[in-house]
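Asker: Next up is a structure, given as structure tokens.
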Amino acid sequence: MLSAVLILLLLALVGVPLFVVLAAGGLLASNFSDISPDILIIEMNRLASTPNMIAIPLFTFAGVMMANGGAPQRLVNFYRAALGWMPGGLAIVTIGTCAFFTSYSGASGVTILALGGLLYPILIGEGYHESFSLGLLTTSGSLGLLFAPSMAILIYSIVAGVGVDKMFLAGVVPGALLMIMLAIYSMVHGRHLHVAKHTFDFNTLKVTARTAIWDIFLPFGIVFGIFGGFVSIMEAAAATAAYVIFIEAVVHRTINLKTRFFGLLVESCILFGSLLIILLVALGLTNLMIDAQLPMQMLEVLEQHISSPLEFLMLLNLFLLIVGAMMDIFSAIIVVAPLIIPLAARYGIDPVHLGIIFLANLEIGYSTPPLGINLFIASQRFGKSIVTLFKSTLPFLALMIIWLMLVTYIPELSLWWK
């Protein structure tokens, strides 16, 4: 068994697709555990038929449409007009725009690629240090993961069996807290560098607001529709996709549906398809582990060494930081969350609070070696080495670790709505 695991790890390291490795691992595990491999197919079918699963490709399509329709530039112009007068105003613009965009695109890589080339030269031109600009853009790529309609929250809700609306509410305060902490650091940095501030001009703000108004009110419409009881998650996703098509093709006329719609649809299908196949095989593998009573065996080991929820949370954060540095966020949710949830329940940790802790750790892992995806994408986008980018992110990662401790040990931040 050990040799088979080592072979699978080696295959993953040399670039074999993750779903192939996970599927092979599931078949091997079923063989060694004398459990029918049929469970893999059963769980794949159950996940594929989950009602909330329909929301993911629709939100993905909306994100692709916005990225190609000029939404990033419109949002940057608006936030710059509104906040450019503050010390570190452009850095705060970067934080807000990246968080907004990631919540829709569902992937930090898309945010870095779409906004990095736009904001990096502007930050340098305004007088920010290269290291600060690189660190800010690299870490800000994953800021929106706790805000609706984040795919990470949707997937965790499906896996954990927790209401999506509860998770959306739970992510508001922790996500806003992180943005405030980074904004304060950016203001201090901007004041220290004596970065030039832009004179506030109401007419400029009015013009940019008029241009971006359709984008700005989209998240408010989603939240109002879902929590007002007017639409379900699926209906909200369909309405979002239709709304984005309307504003990009009819209002702004940046996308010609006759010539570009099919290509954007294919791009969305590729993004969702690559995610779906990993989800399907990974969930089958984790349910196989549950049937083999792996969580119970882990619990027995933990109870011998851990006696309090505080100790469990400390170990959990350490474990998840390592997981976040080794796996992409969606695979980590599917593979690890089902094993952690019963253990956390044993120590009385609310599954919604656990979900925020889980996602917060993985958000930090995006910018952590050896496999932090933000580092690799930023390296490609900005032409800098992984080492240079990691050094640039250290001040931001330090703030995020402090934020993680607050989110972990003050559950009221996540459960304020109860």
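Order determines the names: the first chain of the structure tokens is A, the second B, and so forth; residues in each chain are numbered 1 upward, and ligands are numbered 1 upward as they are shown.
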Residues at most 9 Å from Val188 (chain A), counting only C-alpha atoms, excluding those fewer than 4 positions away in the same chain, as a ChimeraX atom specification?
Answerer: /A:87-88,183-184,192-193
Asker: Write a file of the just-selected residues containing N, CA and C atoms, as a PDB file, in the first residue's frame.
Answerer:
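Output file result.pdb is given in full below:
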```
ATOM      1  N   PRO A  87      -4.427  58.539   1.853  1.00  0.00           N
ATOM      2  CA  PRO A  87      -3.064  57.982   1.867  1.00  0.00           C
ATOM      3  C   PRO A  87      -3.119  56.498   1.516  1.00  0.00           C
ATOM      4  N   GLY A  88      -2.343  56.081   0.545  1.00  0.00           N
ATOM      5  CA  GLY A  88      -2.420  54.678   0.116  1.00  0.00           C
ATOM      6  C   GLY A  88      -3.695  54.370  -0.622  1.00  0.00           C
ATOM      7  N   ALA A 183      -5.931  47.418   4.331  1.00  0.00           N
ATOM      8  CA  ALA A 183      -6.085  48.818   3.949  1.00  0.00           C
ATOM      9  C   ALA A 183      -5.322  49.735   4.911  1.00  0.00           C
ATOM     10  N   ILE A 184      -5.386  49.438   6.210  1.00  0.00           N
ATOM     11  CA  ILE A 184      -4.659  50.250   7.194  1.00  0.00           C
ATOM     12  C   ILE A 184      -3.150  50.155   6.951  1.00  0.00           C
ATOM     13  N   HIS A 192       4.158  56.714   4.586  1.00  0.00           N
ATOM     14  CA  HIS A 192       5.608  56.634   4.804  1.00  0.00           C
ATOM     15  C   HIS A 192       6.372  56.976   3.531  1.00  0.00           C
ATOM     16  N   LEU A 193       5.845  56.550   2.387  1.00  0.00           N
ATOM     17  CA  LEU A 193       6.513  56.809   1.102  1.00  0.00           C
ATOM     18  C   LEU A 193       6.157  58.176   0.525  1.00  0.00           C
TER      19      LEU A 193
END
```
Asker: Can you tell me which residues surround region 65-78 of chain A at a distance of at most 6 Å, considering only C-alpha atoms, apart from same-chain residues fewer than 3 positions away, and format the answer as a PDB file with N, CA and C atoms, in the first residue's frame?
Answerer:
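And here is the file that came out, result37.pdb:
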```pdb
ATOM      1  N   ALA A  62     -20.547  34.064 -15.505  1.00  0.00           N
ATOM      2  CA  ALA A  62     -20.676  35.490 -15.208  1.00  0.00           C
ATOM      3  C   ALA A  62     -19.303  36.121 -14.992  1.00  0.00           C
ATOM      4  N   ALA A  81     -11.396  57.049  -8.279  1.00  0.00           N
ATOM      5  CA  ALA A  81     -12.036  58.359  -8.123  1.00  0.00           C
ATOM      6  C   ALA A  81     -12.593  58.537  -6.718  1.00  0.00           C
ATOM      7  N   THR A 208     -17.447  58.127 -13.381  1.00  0.00           N
ATOM      8  CA  THR A 208     -17.013  56.734 -13.215  1.00  0.00           C
ATOM      9  C   THR A 208     -18.084  55.898 -12.525  1.00  0.00           C
ATOM     10  N   ALA A 209     -18.828  56.514 -11.603  1.00  0.00           N
ATOM     11  CA  ALA A 209     -19.910  55.784 -10.936  1.00  0.00           C
ATOM     12  C   ALA A 209     -21.017  55.443 -11.920  1.00  0.00           C
ATOM     13  N   ALA A 212     -19.777  52.494 -13.929  1.00  0.00           N
ATOM     14  CA  ALA A 212     -19.625  51.226 -13.197  1.00  0.00           C
ATOM     15  C   ALA A 212     -20.842  50.838 -12.375  1.00  0.00           C
ATOM     16  N   GLU A 248     -23.026  43.651 -20.437  1.00  0.00           N
ATOM     17  CA  GLU A 248     -21.850  43.641 -21.309  1.00  0.00           C
ATOM     18  C   GLU A 248     -22.220  43.737 -22.781  1.00  0.00           C
ATOM     19  N   THR A 254     -19.531  45.927 -24.952  1.00  0.00           N
ATOM     20  CA  THR A 254     -18.120  45.528 -25.041  1.00  0.00           C
ATOM     21  C   THR A 254     -17.965  44.112 -25.588  1.00  0.00           C
ATOM     22  N   ILE A 255     -19.054  43.356 -25.613  1.00  0.00           N
ATOM     23  CA  ILE A 255     -19.006  41.982 -26.116  1.00  0.00           C
ATOM     24  C   ILE A 255     -20.070  41.812 -27.191  1.00  0.00           C
TER      25      ILE A 255
END
```
Asker: Near Ser140 (chain A), counting only C-alpha atoms, which residues have an atom at most 7 Å away, once you skip same-chain residues fewer than 5 positions from it, shown as a ChimeraX atom specification?
Answerer: /A:95,98-99
Asker: Could you write out the selected residues, including C-alpha atoms, as a PDB file, in the first residue's frame?
Answerer:
```
ATOM      1  CA  ILE A  95      -7.692  45.562  -2.414  1.00  0.00           C
ATOM      2  CA  CYS A  98      -9.430  42.332  -6.388  1.00  0.00           C
ATOM      3  CA  ALA A  99     -11.826  41.215  -3.639  1.00  0.00           C
TER       4      ALA A  99
END
```
Asker: Quick one: everything within 12 Å of Gly225 (chain A), counting only C-alpha atoms, minus sequence neighbours fewer than 5 positions away in the same chain. Send it as a list in words.
Answerer: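 Once the adjacent positions are removed, what remains is Ala148, Asp165, Leu218, Pro219, Phe220, Phe230, Val231, Ser232, Ile233, Met234, Glu235, Ala236, Ala237, Ala239 and Thr240 of chain A.
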Asker: Run DSSP on the backbone and give me the residues of region 13-195 of chain A it puts in alpha helix (DSSP H), as a PyMOL selection string.
Answerer: chain A and resi 13+18-32+38-48+55-68+71-83+89-105+108-126+130-140+151-160+164-193
Asker: Hey, can you spit out that residue selection with C-alpha atoms as a compact mmCIF listing (two decimals), in the first residue's frame?
Answerer:
```txt
# COMPACT_ATOMS: atom_id res chain seq x y z
CA LEU A 13 4.69 15.70 -8.92
CA LEU A 18 -4.89 15.51 -10.43
CA PHE A 19 -8.18 13.77 -11.21
CA VAL A 20 -6.29 10.79 -12.61
CA VAL A 21 -4.19 10.51 -9.44
CA LEU A 22 -7.27 10.85 -7.19
CA ALA A 23 -9.26 8.31 -9.20
CA ALA A 24 -6.38 5.84 -9.09
CA GLY A 25 -6.07 6.45 -5.36
CA GLY A 26 -9.75 5.73 -4.90
CA LEU A 27 -9.56 2.44 -6.80
CA LEU A 28 -6.48 1.36 -4.85
CA ALA A 29 -8.08 2.31 -1.53
CA SER A 30 -11.24 0.36 -2.35
CA ASN A 31 -9.14 -2.69 -3.26
CA PHE A 32 -7.08 -2.60 -0.05
CA ASP A 38 -19.08 1.19 -6.92
CA ILE A 39 -19.19 3.77 -4.15
CA LEU A 40 -16.97 6.02 -6.25
CA ILE A 41 -19.55 6.11 -9.04
CA ILE A 42 -22.43 6.49 -6.58
CA GLU A 43 -20.85 9.51 -4.93
CA MET A 44 -19.90 11.05 -8.27
CA ASN A 45 -23.54 10.77 -9.37
CA ARG A 46 -24.78 12.22 -6.06
CA LEU A 47 -22.52 15.26 -6.36
CA ALA A 48 -23.37 15.84 -10.02
CA ALA A 55 -24.99 27.56 -9.54
CA ILE A 56 -21.25 27.02 -10.02
CA PRO A 57 -21.08 27.00 -13.87
CA LEU A 58 -23.48 29.97 -14.01
CA PHE A 59 -21.37 32.08 -11.65
CA THR A 60 -18.26 30.94 -13.54
CA PHE A 61 -19.76 32.14 -16.80
CA ALA A 62 -20.68 35.49 -15.21
CA GLY A 63 -17.07 35.93 -14.04
CA VAL A 64 -15.68 35.15 -17.50
CA MET A 65 -18.09 37.62 -19.11
CA MET A 66 -17.11 40.37 -16.66
CA ALA A 67 -13.39 39.73 -17.15
CA ASN A 68 -13.71 40.00 -20.92
CA ALA A 71 -15.51 45.29 -15.69
CA PRO A 72 -12.00 45.38 -14.09
CA GLN A 73 -11.15 48.71 -15.75
CA ARG A 74 -14.53 50.23 -14.87
CA LEU A 75 -14.19 49.21 -11.22
CA VAL A 76 -10.60 50.49 -10.96
CA ASN A 77 -11.65 53.86 -12.40
CA PHE A 78 -14.53 54.16 -9.94
CA TYR A 79 -12.60 53.11 -6.84
CA ARG A 80 -9.72 55.37 -7.80
CA ALA A 81 -12.04 58.36 -8.12
CA ALA A 82 -13.68 57.51 -4.80
CA LEU A 83 -10.61 56.61 -2.74
CA GLY A 89 -5.61 55.21 -1.85
CA LEU A 90 -4.52 53.28 -4.93
CA ALA A 91 -3.48 50.32 -2.79
CA ILE A 92 -6.94 50.35 -1.19
CA VAL A 93 -8.42 50.49 -4.70
CA THR A 94 -6.40 47.36 -5.52
CA ILE A 95 -7.69 45.56 -2.41
CA GLY A 96 -11.33 46.43 -3.11
CA THR A 97 -11.23 45.66 -6.82
CA CYS A 98 -9.43 42.33 -6.39
CA ALA A 99 -11.83 41.21 -3.64
CA PHE A 100 -14.84 42.13 -5.75
CA PHE A 101 -13.50 40.40 -8.84
CA THR A 102 -12.35 37.20 -7.08
CA SER A 103 -15.77 36.70 -5.52
CA TYR A 104 -17.17 36.35 -9.05
CA SER A 105 -14.32 34.78 -10.97
CA SER A 108 -7.37 34.07 -7.65
CA GLY A 109 -5.40 33.25 -10.78
CA VAL A 110 -8.00 34.90 -12.98
CA THR A 111 -7.88 38.00 -10.77
CA ILE A 112 -4.09 38.28 -10.90
CA LEU A 113 -4.04 37.80 -14.67
CA ALA A 114 -6.94 40.18 -15.31
CA LEU A 115 -6.00 42.95 -12.86
CA GLY A 116 -2.25 42.48 -12.38
CA GLY A 117 -1.23 43.90 -15.71
CA LEU A 118 -3.63 46.79 -15.22
CA LEU A 119 -2.71 47.77 -11.64
CA TYR A 120 1.00 46.93 -11.37
CA PRO A 121 2.31 49.72 -13.63
CA ILE A 122 -0.13 52.17 -12.01
CA LEU A 123 1.13 51.29 -8.52
CA ILE A 124 4.77 51.67 -9.60
CA GLY A 125 3.97 54.93 -11.36
CA GLU A 126 2.34 56.30 -8.21
CA GLU A 130 8.13 47.17 -6.36
CA SER A 131 8.14 44.68 -3.48
CA PHE A 132 5.02 46.24 -1.93
CA SER A 133 3.19 46.26 -5.28
CA LEU A 134 4.09 42.64 -6.03
CA GLY A 135 3.13 41.48 -2.55
CA LEU A 136 -0.15 43.38 -2.61
CA LEU A 137 -1.24 42.03 -6.01
CA THR A 138 -0.13 38.48 -5.23
CA THR A 139 -2.02 38.22 -1.93
CA SER A 140 -5.02 40.31 -3.01
CA MET A 151 -17.29 29.19 -5.51
CA ALA A 152 -15.15 28.12 -2.56
CA ILE A 153 -18.06 28.82 -0.21
CA LEU A 154 -20.50 27.07 -2.54
CA ILE A 155 -18.35 23.94 -2.71
CA TYR A 156 -17.72 23.84 1.04
CA SER A 157 -21.47 24.18 1.64
CA ILE A 158 -22.18 21.24 -0.66
CA VAL A 159 -19.48 19.05 0.90
CA ALA A 160 -20.29 19.95 4.53
CA VAL A 164 -25.08 28.32 1.53
CA ASP A 165 -26.90 31.36 2.92
CA LYS A 166 -25.34 30.76 6.36
CA MET A 167 -21.87 30.52 4.87
CA PHE A 168 -22.37 33.70 2.84
CA LEU A 169 -23.38 35.56 6.01
CA ALA A 170 -20.51 34.04 7.99
CA GLY A 171 -17.92 35.26 5.50
CA VAL A 172 -18.93 38.93 5.56
CA VAL A 173 -17.27 40.09 8.79
CA PRO A 174 -14.04 38.01 8.51
CA GLY A 175 -13.62 39.05 4.87
CA ALA A 176 -14.24 42.72 5.65
CA LEU A 177 -11.88 42.54 8.64
CA LEU A 178 -9.02 41.30 6.46
CA MET A 179 -9.62 44.04 3.91
CA ILE A 180 -9.60 46.68 6.66
CA MET A 181 -6.33 45.34 8.11
CA LEU A 182 -4.66 45.37 4.70
CA ALA A 183 -6.09 48.82 3.95
CA ILE A 184 -4.66 50.25 7.19
CA TYR A 185 -1.25 48.76 6.39
CA SER A 186 -1.46 50.25 2.89
CA MET A 187 -2.34 53.68 4.29
CA VAL A 188 0.63 53.59 6.67
CA HIS A 189 2.91 52.46 3.84
CA GLY A 190 1.59 55.12 1.48
CA ARG A 191 2.06 57.86 4.08
CA HIS A 192 5.61 56.63 4.80
CA LEU A 193 6.51 56.81 1.10
```
Asker: Compare A:Ile245, A:Leu354, A:Leu143, A:Met314 by their minimum atom-to-atom distance to Met400 (chain A), counting only C-alpha atoms, and give me the closest one.
Answerer: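 Of A:Ile245, A:Leu354, A:Leu143, A:Met314, the one nearest Met400 (chain A), counting only C-alpha atoms, is A:Leu143.
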Asker: Do you have the CA of Gly372 (chain A)-CA of Ala325 (chain A) distance handy?
Answerer: 5.1 Å
Asker: Skipping near chain neighbours, those fewer than 5 positions away, what residues fall within 8 Å of Leu321 (chain A) using only C-alpha atoms, listed as a list in words?
Answerer: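 Neighbouring residues, sequence-local ones excluded: Asn361, Leu362, Ile364 and Gly365 of chain A.
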Asker: Rounded to one decimal in Å, what is the spacing between CA of Thr199 (chain A) and CA of Gly127 (chain A)?
Answerer: 16.3 Å
Asker: Record the distance separating CA of Ile356 (chain A) and CA of Ile222 (chain A), expressed in Å with one decimal.
Answerer: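 Between CA of Ile356 (chain A) and CA of Ile222 (chain A) the gap is 20.3 Å.
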